[in-house]
Amino acid sequence: MISLTKINKIFSDKHQSFHCLKDIDLTIDKGEFTVIAGPSGSGKSTLLNIIGLLDKATSGTYLFDDLDVSTMTNNALADIRREKIGFVFQAYNLMPVLTALENTEMIMEFCGLDKKLRRQRAMETLTSVGLADLKDRFPAQLSGGQQQRVAVARAIAAQPLLVVADEPTANLDSHSAENLLNLMVKLNHDLGITFLFSSHDQRVIQRAQRVLQLQDGQIVSDERKDQQPKLVAL
Ligand SMILES: Nc1ncnc2c1ncn2[C@@H]1O[C@H](COP(=O)(O)OP(=O)(O)OP(=O)(O)O)[C@@H](O)[C@H]1O
């Protein structure tokens with residue numbers, strides 16, 4: 001589903017340039033549950049941004065869902081992003097003036113889904129993340145873990161092919177982090193959604209099916225565990 005060939009990313013301005021990603025070759029199949037680990041500054045977010053079509057590589061080829069996205073216009077990329085990719089960021093980026101339910105509906109509205117179907121899907125998704133009772137609360141009335149779950153509900157409600165999450169557990173206590181991981185493992189298992197995370201968090205790394213280690217912009221190890229991603233009893 002994802003195929004990167006000789007992907008390079010160079011950040012440059014008038015004064016200097018920095019070679020951030022170096023000849024990355026990587027394929028990820030549909031339904032994989034993968035974590036990109038590595039020290040701060042190794043290029044994890046940059047690689048996620050390229051894979052999530054939020055940024056473009058300086059050189060190399062990227063096939064996403066059999067389409068060559070390396071040569072597409074920004075508008076065409078935005079369409080693919082909206083229809084096929086869900087995002088969960090560290091700062092949850094919820095709209096403060098919208099309720100949990102309305103935040104969950106938001107992406108589907110961009111996708112042009114019928115209002116009734118949108119509402120029904122949003123309710124089902126909020127229920128699956130355990131927030132049905134809190135659907136009418138605004139983000140400021142929710143805890144960090146609950147906001148994070150709304151962000152996940154929003155990312156998955158449109159049933160994307162891929163969910164990209166940058167350090168999804170960074171601001172969560174242990175219980176909320178385990179809950180969130182259980183939820184993602186379940187969605188991966190039940191709906192076959194492909195998950196790709198960046199994380200330093202051992203709790204996340206231990207649950208993944210595949211762990212890529214990035215160092216100085218290069219993949220230095222690619223470990224596939226002979227297991228399904230794990231659900232942990234709480
Ligand atoms: N827009 C930019 N312009 C210049 N340099 C950048 C830019 N974005 C990232 N970098 C540099 O690229 C390198 C990799 O950054 P990136 O954010 O991908 O690392 P990371 O592995 O995600 O780090 P962290 O774990 O701290 O979030 C860093 O040295 C960073 O300073």
# chains A, B, ... in the order shown; residues from 1 in each chain; ligands from 1

$ residues_near_ligand --ligand "ligand 1" --cutoff "10 Å" --atoms "only C-alpha atoms and all ligand atoms" --output "NGL selection string"
:A and (9-13 or 16-21 or 36-49 or 55 or 166-167 or 198-200 or 214-217)

$ write_last_selection --atoms "C-alpha atoms" --output "compact mmCIF listing (two decimals), in the first residue's frame"
# COMPACT_ATOMS: atom_id res chain seq x y z
CA LYS A 9 14.43 15.12 2.07
CA ILE A 10 16.68 18.15 2.15
CA PHE A 11 15.63 21.25 4.08
CA SER A 12 17.35 24.30 2.72
CA ASP A 13 17.20 28.04 2.96
CA GLN A 16 22.28 26.33 4.79
CA SER A 17 20.86 22.98 3.90
CA PHE A 18 20.21 19.89 5.98
CA HIS A 19 19.93 16.39 4.56
CA CYS A 20 17.17 14.99 6.78
CA LEU A 21 16.13 11.73 5.06
CA ILE A 36 8.87 4.37 13.61
CA ALA A 37 11.25 4.72 16.56
CA GLY A 38 14.55 6.57 16.86
CA PRO A 39 16.24 9.42 18.68
CA SER A 40 15.00 12.98 18.65
CA GLY A 41 15.93 14.63 15.36
CA SER A 42 16.37 11.34 13.47
CA GLY A 43 13.64 12.28 10.98
CA LYS A 44 10.55 10.43 12.28
CA SER A 45 8.08 13.29 11.92
CA THR A 46 9.50 14.25 8.54
CA LEU A 47 9.05 10.70 7.27
CA LEU A 48 5.50 10.53 8.67
CA ASN A 49 4.66 13.86 7.05
CA ASP A 55 5.02 17.22 2.85
CA ASP A 166 2.80 11.36 15.56
CA GLU A 167 3.70 10.40 19.16
CA SER A 198 6.19 7.64 15.41
CA SER A 199 7.06 7.07 19.03
CA HIS A 200 9.77 6.96 21.67
CA LEU A 214 15.52 5.60 12.21
CA GLN A 215 18.92 7.12 12.86
CA ASP A 216 20.32 10.22 11.18
CA GLY A 217 17.71 9.99 8.45

$ residues_around --residues "Val35 (chain A)" --least-positions-apart "5" --cutoff "9 Å" --atoms "only C-alpha atoms" --output "list in words"
Phe195, Leu196, Phe197, Ser198, Ser199, Val204, Ile205, Ala208, Gln209, Arg210, Val211, Leu212 and Gln213 of chain A

$ write_last_selection --atoms "C-alpha atoms" --output "PDB file, in the first residue's frame"
ATOM      1  CA  PHE A 195      -1.537   2.204  11.450  1.00  0.00           C
ATOM      2  CA  LEU A 196       1.767   4.043  11.299  1.00  0.00           C
ATOM      3  CA  PHE A 197       3.109   5.801  14.399  1.00  0.00           C
ATOM      4  CA  SER A 198       6.187   7.644  15.413  1.00  0.00           C
ATOM      5  CA  SER A 199       7.058   7.065  19.034  1.00  0.00           C
ATOM      6  CA  VAL A 204       3.860   1.648  21.939  1.00  0.00           C
ATOM      7  CA  ILE A 205       6.970  -0.067  20.602  1.00  0.00           C
ATOM      8  CA  ALA A 208       3.691  -2.950  17.388  1.00  0.00           C
ATOM      9  CA  GLN A 209       3.904  -5.699  14.834  1.00  0.00           C
ATOM     10  CA  ARG A 210       6.777  -3.988  13.078  1.00  0.00           C
ATOM     11  CA  VAL A 211       9.367  -1.542  14.416  1.00  0.00           C
ATOM     12  CA  LEU A 212      11.491   0.640  12.140  1.00  0.00           C
ATOM     13  CA  GLN A 213      14.487   2.328  13.752  1.00  0.00           C
TER      14      GLN A 213
END

$ select_by_dssp --residues "region 15-225 of chain A" --states "strand (DSSP E or B)" --output "MDAnalysis selection string"
chainID A and resid 17:28 33:37 59:64 67:68 85:88 162:166 194:198 210:215 218:224

$ residues_around --residues "region 122-126 of chain A" --least-positions-apart "3" --cutoff "7 Å" --atoms "only C-alpha atoms" --output "ChimeraX atom specification"
/A:101,104-105,118-119,129-132,153,157

$ residues_around --residues "Gly112 (chain A)" --least-positions-apart "6" --cutoff "12 Å" --atoms "only C-alpha atoms" --output "list in words"
Asp79, Arg82, Glu83, Glu105, Met106, Arg118 and Ala158 of chain A

$ residues_around --residues "region 66-72 of chain A" --least-positions-apart "3" --cutoff "12 Å" --atoms "only C-alpha atoms" --output "ChimeraX atom specification"
/A:1-8,27,29-30,50-63,75-81

$ write_last_selection --atoms "C-alpha atoms" --output "PDB file, in the first residue's frame"
ATOM      1  CA  MET A   1       0.000   0.000   0.000  1.00  0.00           C
ATOM      2  CA  ILE A   2       2.948   2.272   0.720  1.00  0.00           C
ATOM      3  CA  SER A   3       6.102   2.028  -1.337  1.00  0.00           C
ATOM      4  CA  LEU A   4       8.976   4.472  -0.983  1.00  0.00           C
ATOM      5  CA  THR A   5      12.007   4.248  -3.229  1.00  0.00           C
ATOM      6  CA  LYS A   6      15.141   6.296  -2.617  1.00  0.00           C
ATOM      7  CA  ILE A   7      13.271   9.029  -0.757  1.00  0.00           C
ATOM      8  CA  ASN A   8      15.431  12.004   0.211  1.00  0.00           C
ATOM      9  CA  THR A  27       7.193  -0.815   1.790  1.00  0.00           C
ATOM     10  CA  ASP A  29       1.384  -3.538   3.395  1.00  0.00           C
ATOM     11  CA  LYS A  30      -2.284  -2.939   4.083  1.00  0.00           C
ATOM     12  CA  ILE A  50       5.846  12.592   3.673  1.00  0.00           C
ATOM     13  CA  ILE A  51       4.003   9.282   4.022  1.00  0.00           C
ATOM     14  CA  GLY A  52       0.863  11.180   5.190  1.00  0.00           C
ATOM     15  CA  LEU A  53       1.139  13.459   2.112  1.00  0.00           C
ATOM     16  CA  LEU A  54       1.564  16.548   4.284  1.00  0.00           C
ATOM     17  CA  ASP A  55       5.021  17.221   2.852  1.00  0.00           C
ATOM     18  CA  LYS A  56       6.875  16.295  -0.323  1.00  0.00           C
ATOM     19  CA  ALA A  57      10.198  14.525  -0.675  1.00  0.00           C
ATOM     20  CA  THR A  58      13.055  16.355  -2.377  1.00  0.00           C
ATOM     21  CA  SER A  59      13.692  13.288  -4.540  1.00  0.00           C
ATOM     22  CA  GLY A  60      12.597   9.692  -4.866  1.00  0.00           C
ATOM     23  CA  THR A  61       9.370   7.894  -5.720  1.00  0.00           C
ATOM     24  CA  TYR A  62       6.362   7.349  -3.514  1.00  0.00           C
ATOM     25  CA  LEU A  63       3.484   5.051  -4.452  1.00  0.00           C
ATOM     26  CA  ASN A  75      -4.738  19.812  -4.745  1.00  0.00           C
ATOM     27  CA  ALA A  76      -4.701  16.184  -5.863  1.00  0.00           C
ATOM     28  CA  LEU A  77      -2.726  15.274  -2.734  1.00  0.00           C
ATOM     29  CA  ALA A  78      -5.259  17.080  -0.542  1.00  0.00           C
ATOM     30  CA  ASP A  79      -8.062  14.991  -2.084  1.00  0.00           C
ATOM     31  CA  ILE A  80      -6.247  11.728  -1.352  1.00  0.00           C
ATOM     32  CA  ARG A  81      -5.417  12.869   2.169  1.00  0.00           C
TER      33      ARG A  81
END

$ residues_around --residues "Thr169 (chain A)" --least-positions-apart "4" --cutoff "9 Å" --atoms "only C-alpha atoms" --output "PDB file with N, CA and C atoms, in the first residue's frame"
ATOM      1  N   GLN A  90       0.019  15.146  18.222  1.00  0.00           N
ATOM      2  CA  GLN A  90       0.243  15.328  19.666  1.00  0.00           C
ATOM      3  C   GLN A  90      -0.676  16.387  20.242  1.00  0.00           C
ATOM      4  N   GLY A 145      -6.785  12.568  27.986  1.00  0.00           N
ATOM      5  CA  GLY A 145      -7.006  11.238  27.395  1.00  0.00           C
ATOM      6  C   GLY A 145      -8.304  11.191  26.597  1.00  0.00           C
ATOM      7  N   GLN A 148      -7.817  13.005  23.412  1.00  0.00           N
ATOM      8  CA  GLN A 148      -7.037  12.177  22.499  1.00  0.00           C
ATOM      9  C   GLN A 148      -7.950  11.144  21.825  1.00  0.00           C
ATOM     10  N   ASP A 173      -1.330   9.603  30.517  1.00  0.00           N
ATOM     11  CA  ASP A 173      -0.923   8.756  31.638  1.00  0.00           C
ATOM     12  C   ASP A 173      -1.002   7.293  31.186  1.00  0.00           C
ATOM     13  N   SER A 174      -0.451   6.391  31.996  1.00  0.00           N
ATOM     14  CA  SER A 174      -0.324   4.991  31.575  1.00  0.00           C
ATOM     15  C   SER A 174      -1.668   4.368  31.216  1.00  0.00           C
ATOM     16  N   SER A 176      -4.522   5.786  30.262  1.00  0.00           N
ATOM     17  CA  SER A 176      -5.082   6.328  29.012  1.00  0.00           C
ATOM     18  C   SER A 176      -4.287   5.835  27.805  1.00  0.00           C
ATOM     19  N   ALA A 177      -2.962   5.733  27.970  1.00  0.00           N
ATOM     20  CA  ALA A 177      -2.122   5.275  26.849  1.00  0.00           C
ATOM     21  C   ALA A 177      -2.463   3.834  26.487  1.00  0.00           C
ATOM     22  N   GLU A 178      -2.616   2.977  27.498  1.00  0.00           N
ATOM     23  CA  GLU A 178      -2.950   1.568  27.228  1.00  0.00           C
ATOM     24  C   GLU A 178      -4.332   1.467  26.583  1.00  0.00           C
ATOM     25  N   LEU A 180      -5.839   3.714  24.753  1.00  0.00           N
ATOM     26  CA  LEU A 180      -5.760   4.208  23.386  1.00  0.00           C
ATOM     27  C   LEU A 180      -5.131   3.153  22.469  1.00  0.00           C
ATOM     28  N   LEU A 181      -4.071   2.510  22.963  1.00  0.00           N
ATOM     29  CA  LEU A 181      -3.409   1.484  22.155  1.00  0.00           C
ATOM     30  C   LEU A 181      -4.341   0.301  21.917  1.00  0.00           C
ATOM     31  N   SER A 199       7.102   7.084  17.575  1.00  0.00           N
ATOM     32  CA  SER A 199       7.058   7.065  19.034  1.00  0.00           C
ATOM     33  C   SER A 199       8.410   6.746  19.653  1.00  0.00           C
ATOM     34  N   ASP A 201       7.965   5.843  22.838  1.00  0.00           N
ATOM     35  CA  ASP A 201       7.335   5.237  24.005  1.00  0.00           C
ATOM     36  C   ASP A 201       7.434   3.709  23.937  1.00  0.00           C
ATOM     37  N   ARG A 203       5.897   1.547  25.567  1.00  0.00           N
ATOM     38  CA  ARG A 203       4.567   0.907  25.595  1.00  0.00           C
ATOM     39  C   ARG A 203       4.048   0.730  24.169  1.00  0.00           C
ATOM     40  N   VAL A 204       4.322   1.714  23.333  1.00  0.00           N
ATOM     41  CA  VAL A 204       3.860   1.648  21.939  1.00  0.00           C
ATOM     42  C   VAL A 204       4.728   0.664  21.157  1.00  0.00           C
TER      43      VAL A 204
END

$ closest_residue --among "A:Leu142, A:Val164, A:Leu172, A:Val152" --to "Phe33 (chain A)" --atoms "only C-alpha atoms"
A:Val164

$ residues_around --residues "Ala151 (chain A)" --least-positions-apart "6" --cutoff "8 Å" --atoms "only C-alpha atoms" --output "VMD selection string"
chain A and resid 88 92 to 94 104

$ select_by_dssp --residues "region 16-214 of chain A" --states "alpha helix (DSSP H)" --output "ChimeraX atom specification"
/A:44-51,74-84,100-110,115-128,144-157,174-191,202-207

$ closest_residue --among "A:Val150, A:Ile219, A:Leu98, A:Ile156" --to "Arg121 (chain A)" --atoms "only C-alpha atoms"
A:Ile156

$ atom_distance --atom1 "CA of Met108 (chain A)" --atom2 "CA of Arg154 (chain A)"
8.5 Å
